[in-house]
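Below: one structure, written as structure tokens.
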4 protein chains.
Amino acid sequence: MDNKIRAGIVGSTGYTGGELIRLLLVHPQVDLVFMLSRSAAGNKVSSIHSDLLGETDMVFTSELKVVDVLFLCLPHTESKLWLERNYISAQTKIIDLGNDFRLDPEFYTRNFVYGLPELHREKIKTAQEVANPGCFASAIQYALLPLAKNKYLNGVFVTGITGSTGAGIQPQATTHFSWRNDNVSAYKVLEHQHTGEIKKNLEVLNHKEVKLYFVPWRGDWARGIFVSATLECCQSLNELYALFEYFYQDHPFIGVSRENISMKQVVNTNKCIIQLEKKEEVLVVHSAIDNLLKGASGQAVQNMNLMFGLPEDTALHLKPLAY
Amino acid sequence: MDNKIRAGIVGSTGYTGGELIRLLLVHPQVDLVFMLSRSAAGNKVSSIHSDLLGETDMVFTSELKVVDVLFLCLPHTESKLWLERNYISAQTKIIDLGNDFRLDPEFYTRNFVYGLPELHREKIKTAQEVANPGCFASAIQYALLPLAKNKYLNGVFVTGITGSTGAGIQPQATTHFSWRNDNVSAYKVLEHQHTGEIKKNLEVLNHKEVKLYFVPWRGDWARGIFVSATLECCQSLNELYALFEYFYQDHPFIGVSRENISMKQVVNTNKCIIQLEKKEEVLVVHSAIDNLLKGASGQAVQNMNLMFGLPEDTALHLKPLAY
Amino acid sequence: MDNKIRAGIVGSTGYTGGELIRLLLVHPQVDLVFMLSRSAAGNKVSSIHSDLLGETDMVFTSELKVVDVLFLCLPHTESKLWLERNYISAQTKIIDLGNDFRLDPEFYTRNFVYGLPELHREKIKTAQEVANPGCFASAIQYALLPLAKNKYLNGVFVTGITGSTGAGIQPQATTHFSWRNDNVSAYKVLEHQHTGEIKKNLEVLNHKEVKLYFVPWRGDWARGIFVSATLECCQSLNELYALFEYFYQDHPFIGVSRENISMKQVVNTNKCIIQLEKKEEVLVVHSAIDNLLKGASGQAVQNMNLMFGLPEDTALHLKPLAY
Amino acid sequence: MDNKIRAGIVGSTGYTGGELIRLLLVHPQVDLVFMLSRSAAGNKVSSIHSDLLGETDMVFTSELKVVDVLFLCLPHTESKLWLERNYISAQTKIIDLGNDFRLDPEFYTRNFVYGLPELHREKIKTAQEVANPGCFASAIQYALLPLAKNKYLNGVFVTGITGSTGAGIQPQATTHFSWRNDNVSAYKVLEHQHTGEIKKNLEVLNHKEVKLYFVPWRGDWARGIFVSATLECCQSLNELYALFEYFYQDHPFIGVSRENISMKQVVNTNKCIIQLEKKEEVLVVHSAIDNLLKGASGQAVQNMNLMFGLPEDTALHLKPLAY
């Protein structure tokens, strides 16, 4: 127990909080010290995350303790409010899973690094604060980063589809089983909140504007994002594959596939899988992630590993669902 | 329009109300006069039941009108309250889809007939008030009525599984897509609220007590109930099939199948399908219905047809979902 | 029975054949004379289409009879072969649900009209042969026809997703439940077989080339297609809605919605529903159909109604699944 | 690598073979030496188990090597044939995932122990051959073992439901997505092949006959079994819970829950979860497992751990799917 990383979670009854608990409870270098929840304080963690029955006797608390790393799993816009109202030691590293600091990294004496490890690995290693990317933002950036790096991006048409866990644990009309089952629908068309962070990062690499037209869809599963990005591109498929493979060669969680992919290959893992298809001058890039893992809590643990000098993949070799 | 049955619906924004609207809008002998809803009064019907876009321009109302038949689609226990607070002409026939009058048929000057058409067809024809049966109650009675008629019932072990529409339109934890998808669970084990009406009707026929052990499960689909009832029985499979076929010979919505059945055969129809299996002295009876149709609104229209002297199956030849 | 349309189906054990049987058995003006099937000849129709138990005692046959209208529900490329090998009277109207005649309308003395009723209603009324459109082709054309009519189309980026019935009844790896459930994947990217018929019809109206980039996805439901088409367009959203409403004003099965749509609004109906969204100069058009009905067999019956002078919607007011 | 257990898998392209590969590739004490497959020999493992892309470059082989432990993942009845045709050193331990040796443990010089670790842990530790239990057999025995131990069993009525992976990877009519989605059906009613092994083990403990009436259902998910067993029992719920908790106190994978359980709590884990409910003299026991893990490959690894003196739970702390 001595030298373990002491970790705490703020907002631990939702989906991303739950996934963090699952990952950190079995992380060999982490001592999960507290799970904060106003609504559930005093209740057993396994009473909310019932799959953890027998795995932990811990209870949710309303009391902060000093830790080495603090994960914020709060609804969007609430991280800033929470940090304003609670004193956190400057020694404590912070990983925020919301979108408050993705575009506005500076906050009092804090300075958040955008935590896409395959883009900012070195910066993350020395960061005290990390803004964990959005789920769609991760999937779309993985599909486009190598192209931006080579300044190939102009207009990109993206359709992405996500599972019901992307909509949060509070029941609502669009997550009612009777409505969502066997259904598909579009939402936030051309104005999804992740568009900003995607464009910002791509444009830095691309050295010019990236016109991004993003149509998000709701799918009828719980976990998983699948994205297809269509753009004009004159390089050959082989050149493009080589470029993607080179870009991701040192990144253990990104798989570039020359065979057809499907979303379920990555469900319940921290992996992203990418496939390219080309016809004449048109390129289509498919990518898939688990929105709660590579798109949220797995990414956060990967960032924590980097921030504490651990192997990037510690505790992230997860058994895929596969079927 | 002259001689049409004027119909009104009370509580018309939920699942059973919606199904009634769908059925009555295209019923050739019905003029759907109003759809009452406190919460949605003034809104277009198609704004709640969005599949009806283009089918009707009607709006929900909060105003009662005089009609020939009134359907009550209220939460359980609210039908009585509603009838106490609203004056309904004695000329108006009432079909209640709740469970208030299934066991307690008498109410002021009203006297409800239990509306299982295959059991009480003649009584329903002359009834002014009908208590529409519960969904599980329908499926289980169809599986057991011919046996009760022959006094074959002692102890019966029943497992039944239902879709998410059985839990109502208000979002809750157990209808959240993330929880319910790919999941199954038991609820109200040995104490489901339909047990009373099932036992009552079976025991009248059976001339002795029927011990009914009912384990209800939640399934991960929106529509459909499947039931397997296991009991000891010394008749041969052929005798039993003959008995079921005879019992249901005049009932157009009950299909007795000598081949394996599956639930989806009856989804989006007003049919019940039944199969028997036997090994040594043990009989298993499977039955399946659409919980919103033969288990609720389709049954209610069948009852209305009988009460108004129409052919029982008017407007109930529905296209099955099939796949 | 006297004056009814005598109809026959060739290839009647698959999904589109099954849907045709369901529709024609209850069509008031049709006498369904035979259902041809080599593999199932002699078997009861309800042994394959088990939801029809109790609805018909007909058996599949291998023998052709003279009919007024013949529906061909054969795998793609097999309609031509079949017509070459079988003599069909010139008096018999033919509706082909395959893609053999969509681009090549002339065949011996036959001359197929492309059967999109909202585009070619008058031609269909007098046609002896109709080539029924593809399912994706229908959904995409409904989304784009009013734009093509006004010559607004240049490049269009389309993502469409379809259910497992689109892949046919023969079990294969990509329709195995264990693989497809909770999964999504792309296929035939930029080279789907319906692209030809879509482009051909749009370009006739558009008076110039339409660049169509179509990414088809497989979804995890049985019925339903949802399509989002993205394109540059300088008209206002209100102008565009007016244009769509005008274009479809006489077409009972096309609903133009100013509220958010979802696919399940049209499942188990012959309807198409369309919604527009716009941001700056970018327009997104969503459309949804049931691939087996408006995308296949429902469309075929609508065409038959037109060809025989019946009201276009005869026997096509189907109860929506809704949930 | 020195002292690792050398393992081989026979029949490694199916679901249970795939799960074994996933588990053994990351098992710290195992060196997975070969994966045998006649049909796929020469192909990359990741070409069949596509989620393993990037995890292994191994290829399927048709060549046996000497190993410390051999897992047989063959269709039922084929294990015996395979062992007759292939020489396996007496030093090699064998774990058979089929049902050939569950009831017939003796085979030439081999003598299979029934591998239910919570029942036969000590025997398994010294066994050279283990017959891994069936999936339904595991779930049902976990629900009933403590009752049998106390001789409480007479007649037991069991309904169990399983996912599509239980039916194997070969596509068939009942695993076609279009048929299985939103569907439920019964199969092998009162004659499931696991009944024998369940009765045998229970009766040894129970010291008298156990009448077991088992109705298996097919559910519409890929992974997971849920079972409800109903029986007469005069002990109180508290006594029974105490009895179950005592029976399983040393068994890390069995969770006895006093709160409502649902199947997804254990999906993608090696756990079984059990809940009791009681009304008057009737007891209902629910249990749930992942059919491919605690019901097959996870159980097999647990057995291997025991046979080689490793902690029972090595490499079996799997991240639950949870949602």
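Simple scheme: letters A, B, ... for chains in structure tokens order, numbers from 1 for residues in each chain, numbers from 1 for ligands in the order shown.
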Could you write out, as a ChimeraX atom specification, all the residues of stretch 53-115 of chain B that DSSP marks as strand (DSSP E)?
/B:69-72,93-96,106-107,110-114
Quick one: everything within 8 Å of stretch 215-227 of chain C, counting only C-alpha atoms, minus sequence neighbours fewer than 5 positions away in the same chain. Send it as a PyMOL selection string.
(chain A and resi 182-185+220+228) or (chain B and resi 323) or (chain C and resi 135-136+139-140+158-166+180-190+192+263-264+266-268+285-292) or (chain D and resi 177-178+181)
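Candidate residues B:Asp68, B:Glu259, B:Glu312, B:Asp104 were compared for distance to chain D, and the nearest is B:Glu259, using only C-alpha atoms.
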Find, counting only C-alpha atoms, the residue in D:Ile5, D:Ile88, D:Val45, D:Leu52 that gets nearest to D:His27.
D:Ile5
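Here atom CA of D:Val156 and atom CA of D:Thr230 stand 5.8 Å from one another.
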Could you name the residues that touch D:His317 at 8 Å or less, counting only C-alpha atoms, but leaving out those on the same chain fewer than 2 positions away, as a ChimeraX atom specification?
/A:26 /D:269-270,313-315,319
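For the pair atom CA of B:Leu202 and atom CA of C:Glu55, the interatomic distance is 28.8 Å.
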Between atom CA of C:Leu147 and atom CA of C:Lys279, what is the spacing in Å?
16.8 Å
Would you please give, as a ChimeraX atom specification, all residues of stretch 66-218 of chain A that DSSP assigns to helix (DSSP H, G or I) based on the backbone?
/A:78-85,117-125,135-149,164-167,173-175,177-180,195-206
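For B:Gly255, the list of residues within 8 Å, based on only C-alpha atoms and with local chain neighbours fewer than 6 positions off taken out, reads Tyr248, Lys271, Cys272, Ile273 and Ile274 of chain B; Leu53 and Gly54 of chain C.
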I'd like the neighbourhood of C:Ile124 as a PyMOL selection string, where a residue qualifies if any of its atoms comes within 7 Å (using only C-alpha atoms), though same-chain residues fewer than 6 positions away should be ignored.
chain C and resi 113+115+303+306-307
Emit the selected residues as a PDB file, in the first residue's frame, including C-alpha atoms.
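What follows is the written file part-v4.pdb:
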```pdb
ATOM      1  CA  VAL C 113     -41.118   1.638 -65.543  1.00  0.00           C
ATOM      2  CA  GLY C 115     -41.714   2.255 -59.730  1.00  0.00           C
ATOM      3  CA  ASN C 303     -47.566   0.261 -57.493  1.00  0.00           C
ATOM      4  CA  LEU C 306     -51.845   2.387 -59.264  1.00  0.00           C
ATOM      5  CA  MET C 307     -51.525  -0.080 -62.146  1.00  0.00           C
TER       6      MET C 307
END
```
With a distance cut-off of 10 Å and only C-alpha atoms, select the neighbouring residues of A:Gln91, excluding the residue or stretch itself and same-chain residues fewer than 3 positions from it, and output the selection as a PyMOL selection string.
chain A and resi 66-69+88+94+128
Do a neighbour search on C:Ser39 at 12 Å with only C-alpha atoms, toss out local chain neighbours closer than 2 positions, and write the hits as an MDAnalysis selection string.
chainID C and resid 10:14 35:37 41:43 48 60:62
